[in-house]
Amino acid sequence: MKILHFSDTHLGFSDLEVLSNDNINQREADFYDAFEQVVTSIQTLRPDYIIHTGDLFHRSSPSNRAITFALKQFKIINDLAIPCIMIAGNHSTPRTQLSSPILKIFEDYQNIYLSYEQCYKKIEFSDVIFHTLPHMNDDTKALDEIDKIESHIDTEKKNIMMMHCSVGGNYLMEEFGEWVFPKQKEYLFEKMDYVALGHWHGFGSVGKHPNVYYSGSTERTSLNDKRNSKGFIVATLGESLDVEYKEISIRKVCTKEIDCRSFEESLEHIDTSDTKDSIVEVKLLNLTPLQSIDISNKQIKDLFSEALDVSISRRFVSQESSESLEAIEALSLQEYFLEHLKAESDAKEFERLKNKVDALFYEYEEQENDSL
């Protein structure tokens with residue numbers, strides 16, 4: 001029995017102010033491209049079952065474009081006549097009962113089987129039972145629903161558990177509403193042939209359980225996710241479990257560091273050859289407030305002219321110690337700048353730079369206010 005397991009596709013996610021050739025947000029288009037790659041692999045591999053373990057959409061009320069895309073892709077899957085089982089994740093689950101679950105849009109697809117009602121649901125076939133636990137907003141109810149699983153296990157068939165949650169604190173995403181599978185119920189994993197998880201965005205097995213796997217997301221929703229590898233799982237269930245990770249092609253993220261203690265030299269030696277069409281994160285290290293004023297973001301971004309986007313973070317150090325500026329809470333960043341300028345400049349130069357600092361912070365605050 002061959003099962004293709006993918007998850008956390010987050011259709012409709014958008015980020016960065018960059019448009020594609022089709023005039024849509026480029027990062028949104030990247031997520032659609034990743035999904036299409038999985039569908040193409042499904043058409044090639046022809047597994048016995050397809051499972052998706054949550055967060056199909058990035059929001060519980062996705063855009064018309066995201067819905068239209070998903071309907072088209074799942075029609076392709078449905079027409080393959082391969083059973084596809086989907087559960088809801090926290091991003092695709094409404095926070096109140098007043099909203100209709102978005103996965104209901106697939107109810108008319110003959111070969112798509114859905115679990116989104118915040119309760120345990122058994123989905124059974126001739127050779128396998130899928131024990132599904134979609135995301136649940138109520139942790140207490142989740143515990144009650146977990147208790148229903150054991151009585152539905154059939155040892156004459158394969159048993160597969162599908163969940164969208166964290167199995168242990170190491171797999172928390174620090175998001176609203178996520179829940180942790182209770183440790184005292186992990187004995188259920190031993191009764192399963194395979195446990196398919198969604199929510200955590202990295203691929204891998206979980207702890208001491210050799211049959212419990214996160215497939216990971218198919219794209220990044222944050223620069224904090226530095227994984228340049230995304231994909232899906234092909235799990236083969238025979239006398240033993242064989243798990244194969246299949247990588248897809250996604251947009252690259254590059255991290256570059258510039259040591260501001262030798263700023264000009266660092267600029268000369270920085271490698272930009274691998275940054276074409278990538279998302280670049282530049283870290284300015286060991287930066288002093290006086291240096292920071294004279295280093296513009298444009299100056300840095302111009303180094304990576306072929307990148308899709310460049311984000312810049314500035315890591316300051318105190319002039320008097322190695323203490324990070326982030327640890328100094330008594331002063332605002334603007335006040336901290338001005339104190340150092342006053343100490344390092346004559347009166348005339350200080351007034352010139354003070355006006356420049358005030359203008360820069362005013363512009364930043366205006367941009368922040370416009371985004372609210």
# chains A, B, ... in the order shown; residues from 1 in each chain; ligands from 1
call {"tool": "closest_atom_pairs", "arguments": {"of": "range 18-124 of chain A", "to": "range 128-135 of chain A", "cutoff": "12 Å", "atoms": "only C-alpha atoms", "output": "JSON lines"}}
result
{"residue": "A:Asp48", "atom": "CA", "partner": "A:Val128", "partner_atom": "CA", "distance": 10.6}
{"residue": "A:Tyr49", "atom": "CA", "partner": "A:Val128", "partner_atom": "CA", "distance": 9.8}
{"residue": "A:Ile50", "atom": "CA", "partner": "A:Phe130", "partner_atom": "CA", "distance": 11.2}
{"residue": "A:Ile51", "atom": "CA", "partner": "A:Phe130", "partner_atom": "CA", "distance": 9.5}
{"residue": "A:His52", "atom": "CA", "partner": "A:Pro134", "partner_atom": "CA", "distance": 10.7}
{"residue": "A:Thr53", "atom": "CA", "partner": "A:Pro134", "partner_atom": "CA", "distance": 8.0}
{"residue": "A:Gly54", "atom": "CA", "partner": "A:Pro134", "partner_atom": "CA", "distance": 7.3}
{"residue": "A:Asp55", "atom": "CA", "partner": "A:His135", "partner_atom": "CA", "distance": 9.3}
{"residue": "A:Leu56", "atom": "CA", "partner": "A:Pro134", "partner_atom": "CA", "distance": 12.0}
{"residue": "A:Pro83", "atom": "CA", "partner": "A:Phe130", "partner_atom": "CA", "distance": 11.3}
{"residue": "A:Cys84", "atom": "CA", "partner": "A:Phe130", "partner_atom": "CA", "distance": 10.9}
{"residue": "A:Ile85", "atom": "CA", "partner": "A:Phe130", "partner_atom": "CA", "distance": 8.2}
{"residue": "A:Met86", "atom": "CA", "partner": "A:Thr132", "partner_atom": "CA", "distance": 8.7}
{"residue": "A:Ile87", "atom": "CA", "partner": "A:Pro134", "partner_atom": "CA", "distance": 5.1}
{"residue": "A:Ala88", "atom": "CA", "partner": "A:Pro134", "partner_atom": "CA", "distance": 5.0}
{"residue": "A:Gly89", "atom": "CA", "partner": "A:His135", "partner_atom": "CA", "distance": 4.9}
{"residue": "A:Asn90", "atom": "CA", "partner": "A:His135", "partner_atom": "CA", "distance": 5.5}
{"residue": "A:His91", "atom": "CA", "partner": "A:His135", "partner_atom": "CA", "distance": 8.9}
{"residue": "A:Ser92", "atom": "CA", "partner": "A:His135", "partner_atom": "CA", "distance": 8.8}
{"residue": "A:Thr93", "atom": "CA", "partner": "A:His135", "partner_atom": "CA", "distance": 7.1}
{"residue": "A:Pro94", "atom": "CA", "partner": "A:His135", "partner_atom": "CA", "distance": 10.2}
{"residue": "A:Arg95", "atom": "CA", "partner": "A:His135", "partner_atom": "CA", "distance": 10.8}
{"residue": "A:Pro101", "atom": "CA", "partner": "A:His135", "partner_atom": "CA", "distance": 11.6}
{"residue": "A:Leu103", "atom": "CA", "partner": "A:Pro134", "partner_atom": "CA", "distance": 11.4}
{"residue": "A:Tyr113", "atom": "CA", "partner": "A:Phe130", "partner_atom": "CA", "distance": 10.3}
{"residue": "A:Leu114", "atom": "CA", "partner": "A:Thr132", "partner_atom": "CA", "distance": 9.2}
{"residue": "A:Ser115", "atom": "CA", "partner": "A:Pro134", "partner_atom": "CA", "distance": 6.3}
{"residue": "A:Tyr116", "atom": "CA", "partner": "A:Pro134", "partner_atom": "CA", "distance": 5.8}
{"residue": "A:Glu117", "atom": "CA", "partner": "A:Pro134", "partner_atom": "CA", "distance": 7.4}
{"residue": "A:Gln118", "atom": "CA", "partner": "A:Pro134", "partner_atom": "CA", "distance": 5.8}
{"residue": "A:Cys119", "atom": "CA", "partner": "A:Leu133", "partner_atom": "CA", "distance": 6.3}
{"residue": "A:Tyr120", "atom": "CA", "partner": "A:Leu133", "partner_atom": "CA", "distance": 5.0}
{"residue": "A:Lys121", "atom": "CA", "partner": "A:Thr132", "partner_atom": "CA", "distance": 5.3}
{"residue": "A:Lys122", "atom": "CA", "partner": "A:His131", "partner_atom": "CA", "distance": 5.0}
{"residue": "A:Ile123", "atom": "CA", "partner": "A:Phe130", "partner_atom": "CA", "distance": 5.1}
{"residue": "A:Glu124", "atom": "CA", "partner": "A:Ile129", "partner_atom": "CA", "distance": 4.4}
call {"tool": "select_by_dssp", "arguments": {"residues": "range 123-313 of chain A", "states": "strand (DSSP E or B)", "output": "VMD selection string"}}
result
chain A and resid 123 to 124 128 to 133 158 to 164 166 180 194 to 198 204 to 206 209 to 214 230 to 237 241 to 248 253 to 259 279 to 287 309 to 313
call {"tool": "write_last_selection", "arguments": {"atoms": "C-alpha atoms", "output": "short mmCIF file (atom, residue, chain, number, x, y, z; two decimals), in the first residue's frame"}}
result
data_model
loop_
_atom_site.label_atom_id
_atom_site.label_comp_id
_atom_site.auth_asym_id
_atom_site.auth_seq_id
_atom_site.Cartn_x
_atom_site.Cartn_y
_atom_site.Cartn_z
CA ILE A 123 -12.92 6.98 7.15
CA GLU A 124 -12.85 3.33 6.16
CA VAL A 128 -7.41 0.55 5.56
CA ILE A 129 -9.00 2.77 8.19
CA PHE A 130 -8.06 6.42 8.47
CA HIS A 131 -8.53 7.66 12.02
CA THR A 132 -8.84 11.42 11.53
CA LEU A 133 -8.52 14.15 14.13
CA LYS A 158 -4.07 -1.09 8.03
CA ASN A 159 -4.67 1.70 10.52
CA ILE A 160 -3.54 5.23 9.77
CA MET A 161 -3.93 8.14 12.16
CA MET A 162 -4.20 11.67 10.73
CA MET A 163 -3.83 14.73 12.97
CA HIS A 164 -3.05 18.43 12.83
CA SER A 166 1.96 19.36 17.98
CA VAL A 180 -0.57 19.63 21.83
CA TYR A 194 1.42 5.06 10.22
CA VAL A 195 0.70 8.37 11.97
CA ALA A 196 0.51 11.31 9.54
CA LEU A 197 0.91 14.74 11.09
CA GLY A 198 0.38 18.30 9.98
CA GLY A 204 10.82 14.31 10.00
CA SER A 205 9.90 11.53 12.40
CA VAL A 206 8.79 12.41 15.91
CA HIS A 209 8.07 6.85 17.46
CA PRO A 210 9.38 5.28 14.22
CA ASN A 211 5.98 5.47 12.50
CA VAL A 212 5.02 9.08 13.34
CA TYR A 213 5.90 11.71 10.71
CA TYR A 214 5.42 15.34 9.82
CA LYS A 230 10.25 21.25 1.08
CA GLY A 231 8.25 18.36 -0.25
CA PHE A 232 6.03 15.42 0.64
CA ILE A 233 6.17 11.84 1.90
CA VAL A 234 5.57 8.59 0.10
CA ALA A 235 4.87 6.00 2.80
CA THR A 236 4.83 2.35 1.75
CA LEU A 237 3.02 0.04 4.16
CA LEU A 241 6.96 0.87 7.05
CA ASP A 242 9.12 2.55 4.43
CA VAL A 243 9.09 6.37 4.38
CA GLU A 244 10.57 8.25 1.43
CA TYR A 245 10.82 12.03 1.32
CA LYS A 246 10.28 13.62 -2.09
CA GLU A 247 11.67 17.13 -2.50
CA ILE A 248 10.03 19.78 -4.65
CA VAL A 253 16.36 31.87 0.85
CA CYS A 254 19.92 33.18 1.30
CA THR A 255 21.34 34.69 4.46
CA LYS A 256 24.29 37.08 4.11
CA GLU A 257 26.25 38.69 6.92
CA ILE A 258 28.17 41.96 6.78
CA ASP A 259 30.56 42.68 9.65
CA ILE A 279 14.83 35.95 -1.02
CA VAL A 280 17.87 37.48 0.64
CA GLU A 281 18.20 38.22 4.32
CA VAL A 282 21.11 40.54 5.09
CA LYS A 283 22.38 40.87 8.66
CA LEU A 284 24.45 43.95 9.47
CA LEU A 285 26.51 42.82 12.46
CA ASN A 286 28.48 44.80 15.05
CA LEU A 287 26.85 48.03 13.95
CA ASP A 309 13.51 40.62 -2.32
CA VAL A 310 16.07 41.79 0.21
CA SER A 311 15.35 42.24 3.91
CA ILE A 312 17.88 43.91 6.19
CA SER A 313 18.30 43.49 9.92
#
call {"tool": "atom_distance", "arguments": {"atom1": "CA of Asn25 in chain A", "atom2": "CA of Phe13 in chain A"}}
result
9.1 Å
call {"tool": "residues_around", "arguments": {"residues": "Arg251 in chain A", "least_positions_apart": "2", "cutoff": "8 Å", "atoms": "only C-alpha atoms", "output": "PyMOL selection string"}}
result
chain A and resi 30+228+249+253+277-279
call {"tool": "residues_around", "arguments": {"residues": "range 70-77 of chain A", "least_positions_apart": "4", "cutoff": "8 Å", "atoms": "only C-alpha atoms", "output": "PDB file with C-alpha atoms, in the first residue's frame"}}
result
ATOM      1  CA  LEU A  11      -2.916  28.379  -0.361  1.00  0.00           C
ATOM      2  CA  GLU A  36       1.030  22.051  -8.587  1.00  0.00           C
ATOM      3  CA  VAL A  39      -0.229  17.274  -7.977  1.00  0.00           C
ATOM      4  CA  ILE A  42       0.579  12.393  -7.706  1.00  0.00           C
ATOM      5  CA  GLN A  43      -0.239  11.931 -11.389  1.00  0.00           C
ATOM      6  CA  ALA A  66      -7.153  30.694  -3.731  1.00  0.00           C
ATOM      7  CA  ALA A  81     -10.087   8.032  -8.931  1.00  0.00           C
ATOM      8  CA  ILE A  82      -7.597   7.783  -6.054  1.00  0.00           C
ATOM      9  CA  CYS A  84      -7.923  11.568  -1.097  1.00  0.00           C
ATOM     10  CA  ILE A 105     -16.422  23.263  -0.913  1.00  0.00           C
ATOM     11  CA  PHE A 106     -15.049  19.816  -1.812  1.00  0.00           C
ATOM     12  CA  TYR A 109     -16.016  15.554  -5.232  1.00  0.00           C
TER      13      TYR A 109
END
call {"tool": "residues_around", "arguments": {"residues": "range 341-346 of chain A", "least_positions_apart": "4", "cutoff": "8 Å", "atoms": "only C-alpha atoms", "output": "ChimeraX atom specification"}}
result
/A:289-290,337,350,353-354
call {"tool": "atom_distance", "arguments": {"atom1": "CA of Ser305 in chain A", "atom2": "CA of Gln291 in chain A"}}
result
23.0 Å
call {"tool": "select_by_dssp", "arguments": {"residues": "range 120-256 of chain A", "states": "alpha helix (DSSP H)", "output": "mmCIF file with N, CA and C atoms, in the first residue's frame"}}
result
data_model
loop_
_atom_site.group_PDB
_atom_site.id
_atom_site.type_symbol
_atom_site.label_atom_id
_atom_site.label_comp_id
_atom_site.auth_asym_id
_atom_site.auth_seq_id
_atom_site.Cartn_x
_atom_site.Cartn_y
_atom_site.Cartn_z
ATOM 1 N N ASP A 139 -9.494 22.180 23.700
ATOM 2 C CA ASP A 139 -8.574 21.117 24.110
ATOM 3 C C ASP A 139 -9.281 20.012 24.883
ATOM 4 N N THR A 140 -10.261 20.382 25.697
ATOM 5 C CA THR A 140 -10.990 19.390 26.486
ATOM 6 C C THR A 140 -11.767 18.445 25.574
ATOM 7 N N LYS A 141 -12.404 19.014 24.575
ATOM 8 C CA LYS A 141 -13.130 18.192 23.614
ATOM 9 C C LYS A 141 -12.167 17.306 22.840
ATOM 10 N N ALA A 142 -11.001 17.828 22.523
ATOM 11 C CA ALA A 142 -10.009 17.045 21.785
ATOM 12 C C ALA A 142 -9.653 15.777 22.543
ATOM 13 N N LEU A 143 -9.494 15.874 23.845
ATOM 14 C CA LEU A 143 -9.165 14.709 24.662
ATOM 15 C C LEU A 143 -10.281 13.668 24.601
ATOM 16 N N ASP A 144 -11.516 14.119 24.653
ATOM 17 C CA ASP A 144 -12.657 13.199 24.547
ATOM 18 C C ASP A 144 -12.687 12.497 23.190
ATOM 19 N N GLU A 145 -12.338 13.246 22.134
ATOM 20 C CA GLU A 145 -12.369 12.667 20.789
ATOM 21 C C GLU A 145 -11.237 11.664 20.587
ATOM 22 N N ILE A 146 -10.095 11.913 21.189
ATOM 23 C CA ILE A 146 -8.977 10.965 21.107
ATOM 24 C C ILE A 146 -9.373 9.627 21.724
#
call {"tool": "closest_residue", "arguments": {"among": "A:Ala34, A:Glu351, A:Glu306, A:Leu172", "to": "Thr9 in chain A", "atoms": "only C-alpha atoms"}}
result
A:Ala34
call {"tool": "atom_distance", "arguments": {"atom1": "CA of His199 in chain A", "atom2": "CA of Met173 in chain A"}}
result
7.5 Å
call {"tool": "residues_around", "arguments": {"residues": "Asp225 in chain A", "least_positions_apart": "6", "cutoff": "10 Å", "atoms": "only C-alpha atoms", "output": "PyMOL selection string"}}
result
chain A and resi 201-202+219+253
call {"tool": "write_last_selection", "arguments": {"atoms": "all heavy atoms", "output": "compact mmCIF listing (two decimals), in the first residue's frame"}}
result
# COMPACT_ATOMS: atom_id res chain seq x y z
N HIS A 201 6.20 22.62 10.22
CA HIS A 201 6.53 22.86 8.82
C HIS A 201 7.79 22.16 8.34
O HIS A 201 8.22 22.37 7.20
CB HIS A 201 6.62 24.36 8.56
CG HIS A 201 5.29 25.03 8.48
ND1 HIS A 201 5.13 26.34 8.06
CD2 HIS A 201 4.04 24.58 8.77
CE1 HIS A 201 3.85 26.66 8.10
NE2 HIS A 201 3.18 25.60 8.53
N GLY A 202 8.38 21.34 9.18
CA GLY A 202 9.57 20.60 8.77
C GLY A 202 9.28 19.12 8.65
O GLY A 202 8.46 18.57 9.38
N GLU A 219 5.88 25.17 1.30
CA GLU A 219 6.58 26.45 1.11
C GLU A 219 6.78 27.09 2.49
O GLU A 219 6.28 26.60 3.49
CB GLU A 219 5.79 27.39 0.20
CG GLU A 219 6.45 27.64 -1.17
CD GLU A 219 7.72 28.50 -1.10
OE1 GLU A 219 8.12 28.92 0.01
OE2 GLU A 219 8.32 28.75 -2.15
N VAL A 253 16.09 30.81 -0.11
CA VAL A 253 16.36 31.87 0.85
C VAL A 253 17.85 31.88 1.14
O VAL A 253 18.44 30.83 1.44
CB VAL A 253 15.58 31.67 2.16
CG1 VAL A 253 16.09 32.61 3.24
CG2 VAL A 253 14.09 31.92 1.95
call {"tool": "closest_residue", "arguments": {"among": "A:Ala29, A:His152, A:Arg352, A:Met1", "to": "Glu239 in chain A", "atoms": "only C-alpha atoms"}}
result
A:Met1
